[in-house]
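Source file protein_6.cif; content: mmCIF, C-alpha atoms.
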```
data_coords
loop_
_atom_site.label_atom_id
_atom_site.label_comp_id
_atom_site.auth_asym_id
_atom_site.auth_seq_id
_atom_site.Cartn_x
_atom_site.Cartn_y
_atom_site.Cartn_z
CA MET R 7 61.62 303.10 -90.13
CA ILE R 8 65.00 303.40 -88.51
CA SER R 9 65.57 306.34 -86.19
CA LEU R 10 68.93 307.86 -85.37
CA THR R 11 68.85 306.62 -81.78
CA SER R 12 71.98 304.64 -81.03
CA PRO R 13 71.46 300.91 -80.45
CA VAL R 14 74.27 301.12 -77.88
CA GLU R 15 72.42 301.87 -74.64
CA ILE R 16 74.30 304.29 -72.40
CA TRP R 17 73.51 306.20 -69.22
CA SER R 18 72.13 309.16 -71.16
CA HIS R 19 69.32 307.01 -72.60
CA ARG R 20 67.84 306.85 -69.13
CA LEU R 21 67.78 310.62 -68.50
CA PRO R 22 64.48 312.41 -69.12
CA ALA R 23 64.32 313.73 -72.70
CA GLY R 24 63.10 317.16 -71.56
CA LEU R 25 66.14 317.59 -69.33
CA LYS R 26 68.52 316.67 -72.15
CA LEU R 27 66.84 319.08 -74.55
CA ALA R 28 66.92 321.92 -72.00
CA ALA R 29 70.61 321.26 -71.28
CA LEU R 30 71.36 321.15 -75.01
CA SER R 31 69.62 324.49 -75.60
CA LEU R 32 71.53 326.12 -72.73
CA ALA R 33 74.87 324.67 -73.86
CA THR R 34 74.29 325.82 -77.46
CA VAL R 35 73.50 329.38 -76.31
CA LEU R 36 76.68 329.39 -74.22
CA LEU R 37 78.77 328.06 -77.13
CA PHE R 38 77.60 330.91 -79.34
CA ALA R 39 78.12 333.48 -76.57
CA THR R 40 81.88 332.96 -76.31
CA ASP R 41 84.73 333.73 -78.71
CA ASN R 42 87.44 332.29 -76.51
CA PRO R 43 89.28 329.49 -78.37
CA ALA R 44 90.47 327.91 -75.12
CA LEU R 45 86.91 327.67 -73.75
CA LEU R 46 85.59 326.30 -77.06
CA GLY R 47 88.46 323.81 -77.25
CA GLY R 48 87.56 322.72 -73.73
CA ALA R 49 83.95 322.29 -74.85
CA VAL R 50 85.02 320.04 -77.73
CA VAL R 51 87.12 317.92 -75.36
CA ALA R 52 84.21 317.73 -72.91
CA VAL R 53 81.80 316.60 -75.64
CA ALA R 54 84.33 314.02 -76.83
CA GLY R 55 84.48 312.85 -73.20
CA LEU R 56 80.67 312.50 -73.18
CA TYR R 57 80.87 310.26 -76.24
CA GLY R 58 83.76 308.38 -74.62
CA THR R 59 81.55 307.34 -71.69
CA GLY R 60 79.48 305.34 -74.21
CA GLY R 61 82.36 303.10 -75.21
CA VAL R 62 84.28 302.58 -78.45
CA VAL R 63 81.36 301.56 -80.66
CA PHE R 64 79.28 304.54 -79.56
CA PHE R 65 82.23 306.91 -80.07
CA ARG R 66 82.84 305.65 -83.61
CA GLN R 67 79.17 306.00 -84.41
CA GLY R 68 79.27 309.58 -83.16
CA LEU R 69 82.28 310.34 -85.36
CA ARG R 70 80.47 308.93 -88.38
CA ASN R 71 77.53 311.24 -87.70
CA LEU R 72 79.88 314.23 -87.93
CA ARG R 73 80.83 313.50 -91.55
CA VAL R 74 78.55 316.31 -92.81
CA LEU R 75 80.82 318.81 -91.11
CA TRP R 76 84.05 317.91 -92.92
CA PRO R 77 83.43 320.00 -96.08
CA PHE R 78 82.68 323.02 -93.91
CA LEU R 79 85.72 322.49 -91.69
CA LEU R 80 87.91 322.13 -94.79
CA LEU R 81 86.39 325.29 -96.22
CA ILE R 82 87.06 327.21 -93.01
CA ALA R 83 90.63 325.92 -92.89
CA LEU R 84 91.32 326.91 -96.52
CA TRP R 85 89.64 330.29 -96.20
CA HIS R 86 91.31 331.30 -92.98
CA GLY R 87 94.61 329.77 -94.04
CA ALA R 88 94.51 331.99 -97.13
CA THR R 89 93.54 335.14 -95.27
CA GLY R 90 95.86 334.41 -92.35
CA GLN R 91 93.20 334.74 -89.63
CA MET R 92 93.81 331.30 -88.17
CA ALA R 93 92.53 332.20 -84.68
CA ALA R 94 89.15 333.34 -85.99
CA GLY R 95 88.86 330.19 -88.11
CA LEU R 96 89.66 328.00 -85.14
CA VAL R 97 86.89 329.63 -83.09
CA VAL R 98 84.30 329.02 -85.81
CA ALA R 99 85.41 325.44 -86.39
CA LEU R 100 85.54 324.48 -82.70
CA ARG R 101 82.14 326.03 -82.02
CA LEU R 102 80.49 324.22 -84.94
CA LEU R 103 82.08 320.92 -83.95
CA ALA R 104 81.00 321.19 -80.31
CA ALA R 105 77.44 322.36 -81.08
CA LEU R 106 76.81 319.73 -83.75
CA ALA R 107 78.34 316.87 -81.77
CA LEU R 108 76.34 317.79 -78.67
CA ALA R 109 73.07 317.96 -80.61
CA ASN R 110 73.85 314.59 -82.20
CA PHE R 111 74.58 313.18 -78.76
CA VAL R 112 71.08 314.07 -77.56
CA THR R 113 69.50 312.60 -80.69
CA MET R 114 71.59 309.42 -80.38
CA THR R 115 70.59 308.83 -76.79
CA THR R 116 66.89 309.75 -76.90
CA ARG R 117 64.23 307.38 -78.19
CA LEU R 118 61.75 308.64 -80.76
CA SER R 119 58.84 307.92 -78.43
CA ASP R 120 60.45 310.06 -75.68
CA MET R 121 60.92 312.92 -78.16
CA VAL R 122 57.27 312.69 -79.22
CA ASP R 123 56.29 312.79 -75.51
CA VAL R 124 58.26 316.04 -75.06
CA LEU R 125 56.50 317.49 -78.09
CA THR R 126 53.14 316.50 -76.61
CA VAL R 127 54.02 318.22 -73.32
CA LEU R 128 55.18 321.36 -75.18
CA LEU R 129 51.83 321.46 -76.99
CA THR R 130 49.79 321.32 -73.75
CA PRO R 131 49.22 325.12 -73.67
CA PHE R 132 47.58 324.87 -77.11
CA ARG R 133 45.25 322.16 -75.85
CA ARG R 134 44.33 324.38 -72.92
CA LEU R 135 43.39 327.07 -75.43
CA GLY R 136 41.00 324.59 -76.98
CA LEU R 137 43.05 323.71 -80.07
CA SER R 138 43.13 320.06 -80.94
CA THR R 139 46.60 318.56 -81.19
CA ARG R 140 45.20 315.27 -82.47
CA ALA R 141 45.76 316.42 -86.04
CA LEU R 142 49.49 316.88 -85.37
CA GLU R 143 49.84 313.57 -83.57
CA LEU R 144 48.02 311.79 -86.38
CA SER R 145 50.11 313.49 -89.07
CA ILE R 146 53.36 312.45 -87.37
CA ALA R 147 52.19 308.85 -87.40
CA LEU R 148 51.09 309.17 -91.04
CA VAL R 149 54.47 310.50 -92.18
CA ILE R 150 56.34 307.73 -90.36
CA ARG R 151 54.01 305.15 -91.91
CA PHE R 152 54.00 306.50 -95.44
CA THR R 153 57.61 307.58 -96.02
CA PRO R 154 58.81 303.99 -96.62
CA THR R 155 55.65 303.27 -98.64
CA ILE R 156 56.24 306.16 -101.02
CA ALA R 157 59.96 305.37 -101.21
CA ASP R 158 59.11 301.75 -102.14
CA LYS R 159 56.68 302.91 -104.81
CA GLY R 160 59.42 305.18 -106.16
CA LYS R 161 61.78 302.20 -106.36
CA LEU R 162 59.16 300.13 -108.19
CA LEU R 163 58.51 302.96 -110.61
CA SER R 164 62.20 303.30 -111.34
CA LEU R 165 62.51 299.53 -111.87
CA SER R 166 59.63 299.47 -114.32
CA TRP R 167 61.20 302.45 -116.10
CA ARG R 168 64.45 300.54 -116.44
CA ALA R 169 62.59 297.53 -117.83
CA ARG R 170 61.37 299.68 -120.69
CA SER R 171 64.15 302.16 -121.36
CA PRO R 172 67.93 302.03 -121.56
CA ARG R 173 68.13 305.55 -120.09
CA ARG R 174 68.06 306.63 -116.44
CA PRO R 175 64.63 307.41 -115.00
CA GLY R 176 65.56 310.94 -113.84
CA TRP R 177 63.07 313.57 -112.76
CA ARG R 178 60.15 312.18 -114.81
CA ILE R 179 59.54 309.60 -112.11
CA VAL R 180 58.58 312.32 -109.63
CA VAL R 181 55.25 312.91 -111.40
CA PRO R 182 53.82 309.39 -110.82
CA MET R 183 55.41 309.36 -107.34
CA ALA R 184 53.59 312.56 -106.37
CA ALA R 185 50.39 311.33 -108.03
CA LEU R 186 50.56 308.10 -106.00
CA ALA R 187 51.15 310.14 -102.81
CA ILE R 188 48.05 312.21 -103.64
CA ASP R 189 46.02 309.02 -104.22
CA ASP R 190 47.20 307.61 -100.90
CA ALA R 191 46.22 310.85 -99.19
CA GLU R 192 42.71 310.70 -100.68
CA HIS R 193 42.27 307.06 -99.62
CA VAL R 194 43.48 307.67 -96.08
CA ALA R 195 41.22 310.72 -95.78
CA GLU R 196 38.25 308.61 -96.90
CA ALA R 197 39.17 305.87 -94.44
CA LEU R 198 39.46 308.41 -91.62
CA ARG R 199 36.08 309.92 -92.43
CA ALA R 200 34.52 306.46 -92.57
CA ARG R 201 35.82 305.85 -89.04
CA GLY R 202 34.30 309.01 -87.60
CA GLY R 203 36.89 311.54 -88.75
CA LEU R 204 39.19 313.68 -86.70
CA GLU R 205 36.54 315.33 -84.54
CA GLN R 206 37.03 314.72 -80.87
CA PRO R 207 34.34 312.39 -79.51
CA ARG R 208 31.66 314.66 -78.05
CA ARG R 209 30.68 314.18 -74.46
CA PRO R 210 26.92 314.03 -73.83
CA MET W 6 39.56 318.58 -92.79
CA GLU W 7 40.74 314.96 -93.00
CA ARG W 8 41.78 315.49 -96.61
CA ASN W 9 43.88 318.54 -95.73
CA ILE W 10 45.68 316.62 -93.02
CA THR W 11 46.37 313.53 -95.09
CA LEU W 12 47.59 315.61 -98.03
CA ILE W 13 49.92 317.60 -95.74
CA ALA W 14 51.22 314.39 -94.14
CA LEU W 15 51.66 312.58 -97.46
CA PHE W 16 53.55 315.50 -98.98
CA ALA W 17 55.82 315.58 -95.93
CA ALA W 18 56.39 311.88 -96.59
CA LEU W 19 57.03 312.66 -100.26
CA ILE W 20 59.78 315.15 -99.31
CA ALA W 21 61.32 312.43 -97.17
CA ALA W 22 60.99 309.77 -99.89
CA LEU W 23 62.60 312.09 -102.45
CA GLY W 24 65.60 312.34 -100.14
CA LEU W 25 65.68 308.63 -99.30
CA ILE W 26 66.11 307.11 -102.73
CA PRO W 27 69.66 307.65 -103.97
CA LYS W 28 68.63 306.31 -107.37
CA LEU W 29 66.42 309.31 -107.77
CA THR W 30 69.25 311.73 -107.14
CA LEU W 31 69.08 313.53 -110.41
CA ALA W 32 72.08 313.80 -112.69
CA PHE W 33 72.69 317.47 -112.06
CA GLY W 34 76.38 317.30 -111.27
CA VAL W 35 76.83 319.04 -107.92
CA PRO W 36 75.67 316.85 -104.99
CA ILE W 37 72.03 317.76 -105.30
CA THR W 38 69.03 315.70 -104.45
CA ALA W 39 65.41 315.91 -105.36
CA GLN W 40 64.56 316.90 -101.79
CA SER W 41 64.40 320.65 -102.34
CA MET W 42 62.19 319.95 -105.34
CA GLY W 43 59.83 318.32 -102.84
CA ILE W 44 59.74 321.63 -100.94
CA MET W 45 58.83 323.47 -104.14
CA LEU W 46 56.11 320.92 -104.98
CA CYS W 47 54.57 321.41 -101.52
CA GLY W 48 54.09 325.08 -102.36
CA THR W 49 52.99 324.65 -105.98
CA VAL W 50 50.56 321.80 -105.30
CA LEU W 51 49.26 322.37 -101.78
CA GLY W 52 49.32 326.17 -101.76
CA ALA W 53 50.83 328.58 -99.25
CA ARG W 54 49.46 327.51 -95.87
CA ARG W 55 49.19 323.76 -96.39
CA GLY W 56 52.52 323.67 -98.24
CA ALA W 57 54.32 325.43 -95.40
CA LEU W 58 52.63 323.13 -92.86
CA ALA W 59 53.80 320.04 -94.79
CA VAL W 60 57.38 321.32 -94.72
CA LEU W 61 57.12 322.20 -91.01
CA LEU W 62 55.81 318.71 -90.28
CA PHE W 63 58.74 317.21 -92.19
CA LEU W 64 61.22 319.36 -90.24
CA ALA W 65 59.56 318.42 -86.94
CA LEU W 66 60.14 314.75 -87.70
CA VAL W 67 63.77 315.47 -88.60
CA ALA W 68 64.21 317.24 -85.26
CA LEU W 69 62.58 314.33 -83.43
CA GLY W 70 65.41 312.14 -84.69
CA LEU W 71 64.36 310.55 -87.97
CA PRO W 72 67.06 310.38 -90.68
CA LEU W 73 64.88 311.96 -93.35
CA LEU W 74 67.22 314.59 -94.78
CA ALA W 75 68.97 313.63 -98.03
CA GLY W 76 71.85 311.28 -97.32
CA GLY W 77 70.15 309.82 -94.26
CA ARG W 78 70.90 312.79 -92.01
CA GLY W 79 68.63 314.13 -89.34
CA GLY W 80 68.26 314.69 -85.65
CA LEU W 81 68.97 317.83 -83.69
CA GLY W 82 72.45 318.03 -85.20
CA ALA W 83 70.92 319.08 -88.52
CA PHE W 84 69.76 322.25 -86.80
CA ALA W 85 73.18 322.97 -85.30
CA GLY W 86 75.06 322.72 -88.62
CA PRO W 87 76.00 325.61 -90.92
CA ALA W 88 73.14 324.82 -93.32
CA VAL W 89 70.46 325.46 -90.68
CA GLY W 90 69.45 328.69 -92.42
CA PHE W 91 68.30 326.70 -95.44
CA LEU W 92 66.16 324.45 -93.22
CA ILE W 93 64.54 327.52 -91.64
CA GLY W 94 64.03 328.93 -95.13
CA TRP W 95 62.24 325.80 -96.39
CA PRO W 96 58.76 326.44 -94.91
CA VAL W 97 59.05 330.11 -95.89
CA ALA W 98 59.96 329.08 -99.43
CA ALA W 99 56.95 326.74 -99.65
CA PHE W 100 54.70 329.53 -98.36
CA VAL W 101 56.02 332.11 -100.83
CA ILE W 102 55.74 329.65 -103.74
CA GLY W 103 52.20 328.68 -102.77
CA PHE W 104 51.21 332.32 -102.28
CA ILE W 105 52.38 333.24 -105.79
CA VAL W 106 50.70 330.24 -107.46
CA GLU W 107 47.43 330.95 -105.61
CA ARG W 108 47.38 334.63 -106.60
CA TRP W 109 48.76 334.53 -110.15
CA ARG W 110 45.96 332.70 -111.94
CA THR W 111 46.45 333.88 -115.50
CA GLY W 112 49.11 332.19 -117.59
CA PRO W 113 50.04 328.52 -117.93
CA LEU W 114 50.51 326.68 -114.65
CA ALA W 115 53.92 325.26 -115.65
CA LEU W 116 55.31 328.78 -116.18
CA VAL W 117 53.66 330.27 -113.08
CA ALA W 118 54.83 327.39 -110.87
CA SER W 119 58.38 327.59 -112.28
CA VAL W 120 58.64 331.34 -111.70
CA ALA W 121 57.14 330.96 -108.22
CA SER W 122 59.67 328.20 -107.46
CA VAL W 123 62.53 330.45 -108.54
CA ILE W 124 61.28 333.34 -106.40
CA GLY W 125 60.43 331.23 -103.34
CA GLY W 126 62.74 328.25 -103.68
CA ILE W 127 65.79 330.31 -104.58
CA GLY W 128 65.08 333.90 -103.50
CA ALA W 129 63.43 333.28 -100.13
CA MET W 130 65.37 330.11 -99.33
CA TYR W 131 68.81 331.57 -100.14
CA LEU W 132 67.97 334.67 -98.10
CA PHE W 133 67.63 332.55 -94.96
CA GLY W 134 70.38 330.11 -95.92
CA VAL W 135 72.96 332.81 -96.67
CA VAL W 136 72.22 334.74 -93.48
CA GLY W 137 72.52 331.49 -91.51
CA MET W 138 75.86 330.60 -93.09
CA ALA W 139 77.17 334.13 -92.59
CA ILE W 140 76.39 333.92 -88.87
CA LEU W 141 77.58 330.36 -88.25
CA LEU W 142 80.75 330.49 -90.37
CA ASP W 143 81.50 334.09 -89.32
CA LYS W 144 81.57 335.46 -92.88
CA THR W 145 80.11 338.56 -94.46
CA LEU W 146 76.85 338.15 -96.40
CA ILE W 147 78.66 338.59 -99.73
CA GLU W 148 81.22 335.91 -98.85
CA ALA W 149 78.47 333.51 -97.75
CA LEU W 150 76.55 334.20 -100.96
CA MET W 151 79.63 333.29 -102.99
CA LEU W 152 79.86 329.98 -101.17
CA VAL W 153 76.38 328.88 -102.23
CA THR W 154 76.49 329.99 -105.87
CA VAL W 155 77.60 326.46 -106.91
CA PHE W 156 74.11 325.27 -106.05
CA LEU W 157 72.37 327.98 -108.04
CA PRO W 158 72.26 326.29 -111.51
CA GLY W 159 70.93 323.05 -110.01
CA ASP W 160 68.23 324.90 -108.11
CA VAL W 161 67.13 326.80 -111.22
CA ILE W 162 66.80 323.47 -113.07
CA LYS W 163 64.82 322.04 -110.15
CA ALA W 164 62.50 325.07 -110.11
CA VAL W 165 61.73 324.60 -113.81
CA LEU W 166 61.18 320.85 -113.29
CA ALA W 167 58.91 321.57 -110.32
CA GLY W 168 56.80 323.76 -112.59
CA MET W 169 56.54 321.03 -115.23
CA ILE W 170 55.72 318.38 -112.62
CA THR W 171 53.01 320.61 -111.15
CA ALA W 172 51.42 321.08 -114.57
CA ALA W 173 51.53 317.30 -115.15
CA LEU W 174 49.89 316.71 -111.76
CA ALA W 175 47.22 319.30 -112.53
CA ARG W 176 46.37 317.26 -115.63
CA SER W 177 46.36 313.86 -113.95
CA ARG W 178 44.92 314.81 -110.52
CA PRO W 179 43.16 318.14 -111.11
CA SER W 180 41.13 318.16 -107.89
CA SER W 181 44.22 317.64 -105.76
CA VAL W 182 46.19 320.67 -106.92
CA LEU W 183 44.81 322.76 -104.09
CA SER W 184 46.77 325.88 -104.99
CA ARG W 185 44.50 326.28 -108.03
CA SER W 186 41.19 325.01 -106.70
#
```
Can the structure in the file be given as structure tokens, please?
Amino acid sequence: MISLTSPVEIWSHRLPAGLKLAALSLATVLLFATDNPALLGGAVVAVAGLYGTGGVVFFRQGLRNLRVLWPFLLLIALWHGATGQMAAGLVVALRLLAALALANFVTMTTRLSDMVDVLTVLLTPFRRLGLSTRALELSIALVIRFTPTIADKGKLLSLSWRARSPRRPGWRIVVPMAALAIDDAEHVAEALRARGGLEQPRRP
Amino acid sequence: MERNITLIALFAALIAALGLIPKLTLAFGVPITAQSMGIMLCGTVLGARRGALAVLLFLALVALGLPLLAGGRGGLGAFAGPAVGFLIGWPVAAFVIGFIVERWRTGPLALVASVASVIGGIGAMYLFGVVGMAILLDKTLIEALMLVTVFLPGDVIKAVLAGMITAALARSRPSSVLSRS
């Protein structure tokens, strides 16, 4: 499975993931605390600068990841253009752009394994309380393993549908897809139980 | 115990798979995917607690940086965008849907699951989504509500389909529809 981490290695890849996440949280809080268009504009320029340090390829990739925002920016522009409150619209648009781009930057420069490590650290207090976090760690691995599997089975189902019908498969294919996911779940549960289950190994 | 965990994980994977396959994007018109139907199925099939946990697990993996949202989106940016309210509403929606299906045991499952999906998947989810959009786009609640009404017909169709799919699953895999067992 492909993660959203950028293949272009830049300096930010080497920073600790926890630090990046803490800085991102702080920056996002600050972005939402101000209504000053000049400050927010500065923030957008600063974030663009951050992307710039990664080179042209990295910058382009970052721009591509912002595509989701265009409909919203267009909407804000139309809305505020019609009501004549351009300044307010600018504030909203700049804030969204800066916050989203910054969050993407952290995702693009942090490996999945580093993110999982941060999650494990954050869960330490629960382990201290005696709760097992093995279940969560195992489920994360299971989802990563089985998402492509289920997607492949969905593709096969839709191919076999097409072999038999001139019409599009549509929603009907979701029933066998979900049934196959349930079957997989039962098999994996059996396999886990056969290997001693999820219980932590008891110390004598 | 193991079965609960694997079912939760596999349904989280099912939500992801429903968003991954563009071919499965149903012909509803407005850019709508089957992904939110996956959220409804988590509630109708797994029940309130396990359904909400499956959705939370899915969102955790999105936040960790996997491109699992429909259209290959994901990462922390998904939680900084204007649609973040809907993402927060997802586990709540699954819980509400599961809660209704678990409690309302008279009546045909297809109908119960459809009504539950409308209440949870539209009522609860839009509540969070609209409040989120109102805050992030600096609009009033009414204005934000108007912006999302385009998605309403598609979501009603998906809720009805989710009910029918749940009933079909209850026939083919009766022991696995945990909301009714």
(request) Within 9 Å of chain R, which residues of chain W are there when counting only C-alpha atoms? Please give them as a PyMOL selection string. (result) chain W and resi 6-23+25-26+28-32+39+46+62-63+65-66+68-73+78-87+141-143+166+170-171+173-174+177-178+181
(message) Once the PyMOL selection byres ((chain W and resi 161) around 12) has been evaluated on this model, what residues remain selected, and can you format them as number ranges by chain?
(response) W: 33, 37, 41-42, 45, 119-128, 154-160, 162-168
Run the PyMOL selection byres ((chain W and resi 133-140) around 6) mentally over the shown coordinates, then write out the matched residues as a short mmCIF file (atom, residue, chain, number, x, y, z; two decimals) with C-alpha atoms, in the frame of the given file, using the chain letters and numbers from the document.
```cif
data_model
loop_
_atom_site.label_atom_id
_atom_site.label_comp_id
_atom_site.auth_asym_id
_atom_site.auth_seq_id
_atom_site.Cartn_x
_atom_site.Cartn_y
_atom_site.Cartn_z
CA PRO W 87 76.00 325.61 -90.92
CA GLY W 90 69.45 328.69 -92.42
CA PHE W 91 68.30 326.70 -95.44
CA GLY W 94 64.03 328.93 -95.13
CA MET W 130 65.37 330.11 -99.33
CA TYR W 131 68.81 331.57 -100.14
CA LEU W 132 67.97 334.67 -98.10
CA LEU W 141 77.58 330.36 -88.25
CA LEU W 142 80.75 330.49 -90.37
CA ASP W 143 81.50 334.09 -89.32
CA LYS W 144 81.57 335.46 -92.88
CA THR W 145 80.11 338.56 -94.46
CA LEU W 146 76.85 338.15 -96.40
CA ALA W 149 78.47 333.51 -97.75
CA LEU W 150 76.55 334.20 -100.96
#
```
(request) Tell me, in Å to one decimal, how far atom CA of Val101 of chain W is from atom CA of Ala53 of chain W. (result)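 Result for atom CA of Val101 of chain W versus atom CA of Ala53 of chain W: 6.5 Å, one decimal.
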Using the atoms already present, construct N, CA and C atoms for segment 126-150 of chain W and hand them back as a PDB file, keeping the file's coordinate frame.
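The new file selection_7.pdb reads:
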```pdb
ATOM      1  N   GLY W 126      61.776 329.314-103.948  1.00  0.00           N
ATOM      2  CA  GLY W 126      62.740 328.250-103.680  1.00  0.00           C
ATOM      3  C   GLY W 126      64.177 328.693-103.799  1.00  0.00           C
ATOM      4  N   ILE W 127      64.423 329.802-104.501  1.00  0.00           N
ATOM      5  CA  ILE W 127      65.790 330.310-104.580  1.00  0.00           C
ATOM      6  C   ILE W 127      65.882 331.626-103.814  1.00  0.00           C
ATOM      7  N   GLY W 128      65.018 332.592-104.169  1.00  0.00           N
ATOM      8  CA  GLY W 128      65.080 333.900-103.500  1.00  0.00           C
ATOM      9  C   GLY W 128      64.908 333.796-102.002  1.00  0.00           C
ATOM     10  N   ALA W 129      63.728 333.313-101.563  1.00  0.00           N
ATOM     11  CA  ALA W 129      63.430 333.280-100.130  1.00  0.00           C
ATOM     12  C   ALA W 129      64.354 332.302 -99.403  1.00  0.00           C
ATOM     13  N   MET W 130      64.588 331.133-100.027  1.00  0.00           N
ATOM     14  CA  MET W 130      65.370 330.110 -99.330  1.00  0.00           C
ATOM     15  C   MET W 130      66.836 330.551 -99.170  1.00  0.00           C
ATOM     16  N   TYR W 131      67.417 331.124-100.229  1.00  0.00           N
ATOM     17  CA  TYR W 131      68.810 331.570-100.140  1.00  0.00           C
ATOM     18  C   TYR W 131      68.950 332.714 -99.149  1.00  0.00           C
ATOM     19  N   LEU W 132      67.923 333.559 -99.053  1.00  0.00           N
ATOM     20  CA  LEU W 132      67.970 334.670 -98.100  1.00  0.00           C
ATOM     21  C   LEU W 132      68.247 334.124 -96.696  1.00  0.00           C
ATOM     22  N   PHE W 133      67.441 333.133 -96.293  1.00  0.00           N
ATOM     23  CA  PHE W 133      67.630 332.550 -94.960  1.00  0.00           C
ATOM     24  C   PHE W 133      68.940 331.752 -94.891  1.00  0.00           C
ATOM     25  N   GLY W 134      69.202 330.967 -95.925  1.00  0.00           N
ATOM     26  CA  GLY W 134      70.380 330.110 -95.920  1.00  0.00           C
ATOM     27  C   GLY W 134      71.666 330.904 -95.845  1.00  0.00           C
ATOM     28  N   VAL W 135      71.735 332.000 -96.619  1.00  0.00           N
ATOM     29  CA  VAL W 135      72.960 332.810 -96.670  1.00  0.00           C
ATOM     30  C   VAL W 135      73.171 333.528 -95.336  1.00  0.00           C
ATOM     31  N   VAL W 136      72.077 334.069 -94.779  1.00  0.00           N
ATOM     32  CA  VAL W 136      72.220 334.740 -93.480  1.00  0.00           C
ATOM     33  C   VAL W 136      72.688 333.735 -92.431  1.00  0.00           C
ATOM     34  N   GLY W 137      72.117 332.527 -92.466  1.00  0.00           N
ATOM     35  CA  GLY W 137      72.520 331.490 -91.510  1.00  0.00           C
ATOM     36  C   GLY W 137      73.984 331.133 -91.643  1.00  0.00           C
ATOM     37  N   MET W 138      74.453 330.965 -92.882  1.00  0.00           N
ATOM     38  CA  MET W 138      75.860 330.600 -93.090  1.00  0.00           C
ATOM     39  C   MET W 138      76.781 331.740 -92.677  1.00  0.00           C
ATOM     40  N   ALA W 139      76.349 332.977 -92.962  1.00  0.00           N
ATOM     41  CA  ALA W 139      77.170 334.130 -92.590  1.00  0.00           C
ATOM     42  C   ALA W 139      77.378 334.165 -91.079  1.00  0.00           C
ATOM     43  N   ILE W 140      76.285 333.879 -90.331  1.00  0.00           N
ATOM     44  CA  ILE W 140      76.390 333.920 -88.870  1.00  0.00           C
ATOM     45  C   ILE W 140      77.247 332.759 -88.357  1.00  0.00           C
ATOM     46  N   LEU W 141      76.938 331.537 -88.834  1.00  0.00           N
ATOM     47  CA  LEU W 141      77.580 330.360 -88.250  1.00  0.00           C
ATOM     48  C   LEU W 141      79.038 330.202 -88.686  1.00  0.00           C
ATOM     49  N   LEU W 142      79.364 330.632 -89.909  1.00  0.00           N
ATOM     50  CA  LEU W 142      80.750 330.490 -90.370  1.00  0.00           C
ATOM     51  C   LEU W 142      81.513 331.800 -90.195  1.00  0.00           C
ATOM     52  N   ASP W 143      80.841 332.819 -89.608  1.00  0.00           N
ATOM     53  CA  ASP W 143      81.500 334.090 -89.320  1.00  0.00           C
ATOM     54  C   ASP W 143      82.033 334.739 -90.601  1.00  0.00           C
ATOM     55  N   LYS W 144      81.176 334.823 -91.614  1.00  0.00           N
ATOM     56  CA  LYS W 144      81.570 335.460 -92.880  1.00  0.00           C
ATOM     57  C   LYS W 144      80.654 336.653 -93.120  1.00  0.00           C
ATOM     58  N   THR W 145      81.042 337.510 -94.072  1.00  0.00           N
ATOM     59  CA  THR W 145      80.110 338.560 -94.460  1.00  0.00           C
ATOM     60  C   THR W 145      79.050 337.950 -95.377  1.00  0.00           C
ATOM     61  N   LEU W 146      77.937 338.690 -95.573  1.00  0.00           N
ATOM     62  CA  LEU W 146      76.850 338.150 -96.400  1.00  0.00           C
ATOM     63  C   LEU W 146      77.325 337.871 -97.820  1.00  0.00           C
ATOM     64  N   ILE W 147      78.174 338.765 -98.355  1.00  0.00           N
ATOM     65  CA  ILE W 147      78.660 338.590 -99.730  1.00  0.00           C
ATOM     66  C   ILE W 147      79.494 337.307 -99.829  1.00  0.00           C
ATOM     67  N   GLU W 148      80.365 337.105 -98.831  1.00  0.00           N
ATOM     68  CA  GLU W 148      81.220 335.910 -98.850  1.00  0.00           C
ATOM     69  C   GLU W 148      80.367 334.645 -98.778  1.00  0.00           C
ATOM     70  N   ALA W 149      79.345 334.672 -97.892  1.00  0.00           N
ATOM     71  CA  ALA W 149      78.470 333.510 -97.750  1.00  0.00           C
ATOM     72  C   ALA W 149      77.704 333.248 -99.049  1.00  0.00           C
ATOM     73  N   LEU W 150      77.286 334.332 -99.702  1.00  0.00           N
ATOM     74  CA  LEU W 150      76.550 334.200-100.960  1.00  0.00           C
ATOM     75  C   LEU W 150      77.425 333.527-102.012  1.00  0.00           C
TER      76      LEU W 150
END
```
